[in-house]
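Have a look at coords09.cif; it's mmCIF, C-alpha atoms, pLDDT in the B column; chains and numbers go by the auth columns:
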data_coords
#
loop_
_atom_site.group_PDB
_atom_site.id
_atom_site.type_symbol
_atom_site.label_atom_id
_atom_site.label_comp_id
_atom_site.label_asym_id
_atom_site.label_seq_id
_atom_site.Cartn_x
_atom_site.Cartn_y
_atom_site.Cartn_z
_atom_site.B_iso_or_equiv
_atom_site.auth_seq_id
_atom_site.auth_asym_id
ATOM 1 C CA MET A 1 -3.697 -16.405 32.313 51.00 19 T
ATOM 2 C CA LEU A 2 -1.539 -19.531 32.170 53.00 20 T
ATOM 3 C CA ILE A 3 -4.188 -21.933 33.533 62.00 21 T
ATOM 4 C CA GLY A 4 -5.134 -24.608 31.004 61.00 22 T
ATOM 5 C CA LYS A 5 -2.122 -23.973 28.772 68.00 23 T
ATOM 6 C CA THR A 6 0.267 -26.701 27.668 81.00 24 T
ATOM 7 C CA ILE A 7 3.864 -26.666 28.914 78.00 25 T
ATOM 8 C CA LYS A 8 4.978 -25.549 25.445 77.00 26 T
ATOM 9 C CA GLU A 9 2.507 -22.646 25.499 77.00 27 T
ATOM 10 C CA LYS A 10 3.543 -21.678 29.044 81.00 28 T
ATOM 11 C CA ASN A 11 7.219 -21.721 28.060 87.00 29 T
ATOM 12 C CA GLU A 12 6.454 -19.624 24.985 86.00 30 T
ATOM 13 C CA ILE A 13 4.574 -17.030 27.004 86.00 31 T
ATOM 14 C CA THR A 14 7.250 -17.012 29.722 90.00 32 T
ATOM 15 C CA ASN A 15 10.017 -16.602 27.122 92.00 33 T
ATOM 16 C CA TYR A 16 8.054 -13.866 25.367 90.00 34 T
ATOM 17 C CA ILE A 17 7.604 -11.992 28.626 89.00 35 T
ATOM 18 C CA PHE A 18 11.289 -12.432 29.516 93.00 36 T
ATOM 19 C CA PHE A 19 12.592 -11.267 26.131 93.00 37 T
ATOM 20 C CA GLY A 20 9.865 -8.639 25.929 86.00 38 T
ATOM 21 C CA ILE A 21 11.141 -7.162 29.178 88.00 39 T
ATOM 22 C CA ILE A 22 14.692 -7.146 27.815 94.00 40 T
ATOM 23 C CA THR A 23 13.513 -5.651 24.502 89.00 41 T
ATOM 24 C CA THR A 24 11.568 -2.989 26.391 86.00 42 T
ATOM 25 C CA PHE A 25 14.653 -2.297 28.504 93.00 43 T
ATOM 26 C CA VAL A 26 16.737 -1.912 25.321 94.00 44 T
ATOM 27 C CA ASN A 27 14.096 0.441 23.922 92.00 45 T
ATOM 28 C CA ILE A 28 13.798 2.593 27.053 93.00 46 T
ATOM 29 C CA VAL A 29 17.547 2.751 27.755 95.00 47 T
ATOM 30 C CA CYS A 30 18.228 3.757 24.155 96.00 48 T
ATOM 31 C CA TYR A 31 15.410 6.332 24.271 94.00 49 T
ATOM 32 C CA THR A 32 16.623 7.753 27.593 96.00 50 T
ATOM 33 C CA PHE A 33 20.237 7.932 26.396 96.00 51 T
ATOM 34 C CA LEU A 34 19.196 9.775 23.251 96.00 52 T
ATOM 35 C CA THR A 35 16.804 12.226 24.922 96.00 53 T
ATOM 36 C CA LYS A 36 18.522 12.904 28.242 95.00 54 T
ATOM 37 C CA LEU A 37 22.210 12.673 27.316 96.00 55 T
ATOM 38 C CA LEU A 38 22.218 13.647 23.643 96.00 56 T
ATOM 39 C CA ALA A 39 19.146 15.953 23.748 95.00 57 T
ATOM 40 C CA PHE A 40 17.400 14.320 20.763 96.00 58 T
ATOM 41 C CA ASP A 41 13.754 15.203 20.111 94.00 59 T
ATOM 42 C CA PHE A 42 11.452 12.522 21.581 91.00 60 T
ATOM 43 C CA LYS A 43 10.152 11.533 18.130 91.00 61 T
ATOM 44 C CA THR A 44 13.646 10.967 16.721 95.00 62 T
ATOM 45 C CA ALA A 45 14.696 9.115 19.873 95.00 63 T
ATOM 46 C CA THR A 46 11.571 6.930 19.700 88.00 64 T
ATOM 47 C CA THR A 47 12.391 6.032 16.092 89.00 65 T
ATOM 48 C CA LEU A 48 16.033 5.146 16.777 94.00 66 T
ATOM 49 C CA ALA A 49 15.131 3.197 19.923 94.00 67 T
ATOM 50 C CA TRP A 50 12.509 1.344 17.883 84.00 68 T
ATOM 51 C CA LEU A 51 15.024 0.351 15.198 87.00 69 T
ATOM 52 C CA LEU A 52 17.439 -1.084 17.745 92.00 70 T
ATOM 53 C CA SER A 53 14.791 -2.904 19.761 90.00 71 T
ATOM 54 C CA VAL A 54 13.115 -4.368 16.645 86.00 72 T
ATOM 55 C CA SER A 55 16.409 -5.870 15.506 86.00 73 T
ATOM 56 C CA PHE A 56 16.942 -7.389 18.935 93.00 74 T
ATOM 57 C CA ALA A 57 13.332 -8.635 19.095 90.00 75 T
ATOM 58 C CA PHE A 58 13.440 -10.421 15.716 90.00 76 T
ATOM 59 C CA ILE A 59 16.453 -12.475 16.731 89.00 77 T
ATOM 60 C CA THR A 60 15.127 -13.381 20.187 93.00 78 T
ATOM 61 C CA ASN A 61 11.546 -14.032 19.025 92.00 79 T
ATOM 62 C CA LYS A 62 12.653 -16.230 16.142 89.00 80 T
ATOM 63 C CA ARG A 63 15.196 -18.223 18.073 90.00 81 T
ATOM 64 C CA TYR A 64 14.076 -18.369 21.694 91.00 82 T
ATOM 65 C CA VAL A 65 10.359 -17.587 21.884 90.00 83 T
ATOM 66 C CA PHE A 66 8.710 -19.166 18.859 87.00 84 T
ATOM 67 C CA LYS A 67 11.694 -21.448 18.144 85.00 85 T
ATOM 68 C CA SER A 68 11.509 -21.049 14.395 84.00 86 T
ATOM 69 C CA ARG A 69 14.376 -23.013 12.896 84.00 87 T
ATOM 70 C CA GLU A 70 13.472 -22.168 9.320 80.00 88 T
ATOM 71 C CA LYS A 71 16.558 -21.683 7.190 82.00 89 T
ATOM 72 C CA GLU A 72 15.033 -21.703 3.716 87.00 90 T
ATOM 73 C CA PHE A 73 15.625 -18.302 2.144 90.00 91 T
ATOM 74 C CA LEU A 74 12.021 -17.637 1.088 90.00 92 T
ATOM 75 C CA ILE A 75 10.662 -18.601 4.495 86.00 93 T
ATOM 76 C CA LEU A 76 13.260 -16.404 6.209 85.00 94 T
ATOM 77 C CA CYS A 77 12.217 -13.526 3.946 88.00 95 T
ATOM 78 C CA LYS A 78 8.563 -14.140 4.793 89.00 96 T
ATOM 79 C CA GLU A 79 9.305 -14.237 8.522 89.00 97 T
ATOM 80 C CA PHE A 80 11.445 -11.126 8.436 87.00 98 T
ATOM 81 C CA GLY A 81 9.066 -9.271 6.119 91.00 99 T
ATOM 82 C CA THR A 82 5.966 -9.988 8.189 93.00 100 T
ATOM 83 C CA PHE A 83 7.891 -9.300 11.393 92.00 101 T
ATOM 84 C CA LEU A 84 9.072 -5.963 10.046 89.00 102 T
ATOM 85 C CA LEU A 85 5.590 -5.070 8.798 94.00 103 T
ATOM 86 C CA SER A 86 4.004 -5.936 12.148 93.00 104 T
ATOM 87 C CA ARG A 87 6.682 -3.919 13.941 89.00 105 T
ATOM 88 C CA MET A 88 6.102 -0.964 11.609 91.00 106 T
ATOM 89 C CA ILE A 89 2.448 -1.089 12.640 94.00 107 T
ATOM 90 C CA SER A 90 3.494 -1.253 16.292 89.00 108 T
ATOM 91 C CA TYR A 91 5.873 1.663 15.670 86.00 109 T
ATOM 92 C CA GLY A 92 2.849 3.615 14.473 93.00 110 T
ATOM 93 C CA LEU A 93 1.043 2.639 17.658 94.00 111 T
ATOM 94 C CA ASP A 94 4.121 3.691 19.660 91.00 112 T
ATOM 95 C CA ILE A 95 4.634 7.091 18.021 92.00 113 T
ATOM 96 C CA ILE A 96 0.905 7.946 17.943 95.00 114 T
ATOM 97 C CA SER A 97 0.623 7.016 21.629 95.00 115 T
ATOM 98 C CA MET A 98 3.671 9.151 22.423 94.00 116 T
ATOM 99 C CA ILE A 99 2.353 12.172 20.517 95.00 117 T
ATOM 100 C CA PHE A 100 -1.073 11.791 22.128 96.00 118 T
ATOM 101 C CA LEU A 101 0.279 11.361 25.664 95.00 119 T
ATOM 102 C CA VAL A 102 3.072 13.968 25.500 95.00 120 T
ATOM 103 C CA GLU A 103 1.733 16.691 23.197 95.00 121 T
ATOM 104 C CA ILE A 104 -2.019 16.413 23.705 96.00 122 T
ATOM 105 C CA MET A 105 -2.353 15.108 27.268 96.00 123 T
ATOM 106 C CA GLY A 106 0.808 16.814 28.583 96.00 124 T
ATOM 107 C CA PHE A 107 2.172 13.737 30.374 96.00 125 T
ATOM 108 C CA ASP A 108 5.850 13.217 31.162 95.00 126 T
ATOM 109 C CA ASP A 109 7.642 11.701 28.163 93.00 127 T
ATOM 110 C CA LEU A 110 9.260 8.817 30.061 92.00 128 T
ATOM 111 C CA VAL A 111 5.996 7.801 31.749 93.00 129 T
ATOM 112 C CA SER A 112 4.325 8.062 28.348 94.00 130 T
ATOM 113 C CA LYS A 113 7.048 5.865 26.820 89.00 131 T
ATOM 114 C CA MET A 114 6.449 3.147 29.394 90.00 132 T
ATOM 115 C CA THR A 115 2.682 3.335 28.877 92.00 133 T
ATOM 116 C CA ALA A 116 3.024 3.118 25.099 92.00 134 T
ATOM 117 C CA ASN A 117 5.294 0.096 25.494 83.00 135 T
ATOM 118 C CA VAL A 118 2.545 -1.877 27.271 87.00 136 T
ATOM 119 C CA LEU A 119 0.280 -1.483 24.213 89.00 137 T
ATOM 120 C CA VAL A 120 3.151 -2.289 21.854 86.00 138 T
ATOM 121 C CA ILE A 121 4.134 -5.475 23.735 81.00 139 T
ATOM 122 C CA ILE A 122 0.591 -6.878 23.599 86.00 140 T
ATOM 123 C CA PHE A 123 0.237 -6.090 19.901 90.00 141 T
ATOM 124 C CA ASN A 124 3.673 -7.540 19.072 87.00 142 T
ATOM 125 C CA TYR A 125 2.997 -10.839 20.853 86.00 143 T
ATOM 126 C CA LEU A 126 -0.279 -11.367 19.040 89.00 144 T
ATOM 127 C CA ALA A 127 1.223 -10.454 15.666 91.00 145 T
ATOM 128 C CA SER A 128 4.237 -12.738 16.139 89.00 146 T
ATOM 129 C CA LYS A 129 2.178 -15.649 17.466 87.00 147 T
ATOM 130 C CA LEU A 130 -0.665 -15.461 14.967 90.00 148 T
ATOM 131 C CA ILE A 131 1.092 -14.226 11.819 89.00 149 T
ATOM 132 C CA VAL A 132 4.894 -14.073 11.772 90.00 150 T
ATOM 133 C CA PHE A 133 6.112 -17.303 13.369 86.00 151 T
ATOM 134 C CA ARG A 134 3.035 -19.490 13.073 80.00 152 T
ATOM 135 C CA PRO A 135 3.885 -23.019 11.968 70.00 153 T
ATOM 136 C CA LEU A 136 3.348 -23.763 8.304 61.00 154 T
ATOM 137 C CA ALA A 137 0.561 -26.205 7.453 53.00 155 T
ATOM 138 C CA GLY A 138 1.866 -29.743 7.713 50.00 156 T
ATOM 139 C CA SER A 139 4.993 -28.805 9.673 53.00 157 T
ATOM 140 C CA ASP A 140 5.843 -30.526 12.932 49.00 158 T
ATOM 141 C CA LYS A 141 6.700 -27.356 14.866 46.00 159 T
#

If you convert what's in this file into structure tokens, what do you get?
Amino acid sequence: MLIGKTIKEKNEITNYIFFGIITTFVNIVCYTFLTKLLAFDFKTATTLAWLLSVSFAFITNKRYVFKSREKEFLILCKEFGTFLLSRMISYGLDIISMIFLVEIMGFDDLVSKMTANVLVIIFNYLASKLIVFRPLAGSDK
């Protein structure tokens, strides 16, 4: 997977995996806390866990993975807006996967959550790399 990549690309992928693991951990811990300790419905818990993990992911993706140093207000709005939109799409992927795996297939909700997160992580990387934090034309990033 990393063969033939530049050092910058390898670092980006490594950082994405590292922060993706932490983001996934935040998501699953939040979900587990809400469902197992507070007895929230899995759909509500998935939504709240998503909100927390998306906030964490924007900060870490912007700063540490894709190293976007943009400070101009309109560019920040564009980054945040496209990030939020891509994460809303991935939320749809997450909740649809959960409903399919738990309610239709009858799988355990925690196993289903971990499975859904694999799909979400792949989608989120591609969206962030190709759309959200891509360098602007003519920039030196």

Review point. In Å to one decimal, how far is atom CA of T:Tyr49 from atom CA of T:Asn79?
Key: 21.4 Å

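Residues matched by the PyMOL selection byres ((chain T and resi 142) around 10) in this file: T:Tyr34, T:Gly38, T:Ala75, T:Phe101, T:Ser104, T:Arg105, T:Ile107, T:Ser108, T:Leu137, T:Val138, T:Ile139, T:Ile140, T:Phe141, T:Tyr143, T:Leu144, T:Ala145, T:Ser146, T:Lys147, T:Leu148, T:Val150.
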
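The shortest atom-to-atom distance to T:Gly99, with only C-alpha atoms taken into account, belongs to T:Ile149 out of T:Ile40, T:Leu55, T:Ile149, T:Ile46.
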
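The two atoms in question, atom CA of T:Val129 and atom CA of T:Thr32, are spaced 24.9 Å apart.
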
Check your understanding: Which value, in Å to one decimal, gives the distance between atom CA of T:Lys131 and atom CA of T:Leu103?
Key -> 21.1 Å

Given all atoms listed in the file, how would the per-residue table for stretch 78-120 of chain T near stretch 25-30 of chain T read, listing every residue at most 12 Å away with its closest atom pair and distance in Å to one decimal, sorted by chain and number, as a tab-separated table?
residue	atom	partner	partner_atom	distance
T:Thr78	CA	T:Glu30	CA	11.7
T:Asn79	CA	T:Glu30	CA	9.6
T:Lys80	CA	T:Glu30	CA	11.3
T:Arg81	CA	T:Glu30	CA	11.2
T:Tyr82	CA	T:Glu30	CA	8.4
T:Val83	CA	T:Glu30	CA	5.4
T:Phe84	CA	T:Glu30	CA	6.5
T:Lys85	CA	T:Glu30	CA	8.8
T:Ser86	CA	T:Glu30	CA	11.8

Box for stretch 100-105 of chain T - axis-aligned, 5 Å on each of the six sides, all listed atoms - centre and size in Å to one decimal, as lines of an AutoDock Vina configuration file.
center_x = 6.5
center_y = -7.0
center_z = 11.1
size_x = 15.1
size_y = 16.1
size_z = 15.8

**Study point:** Selection as number ranges by chain: residues within 12 Å of (19.1, -1.6, 24.7), counting all atoms listed in the file
**Key:** T: 37-52, 66-75
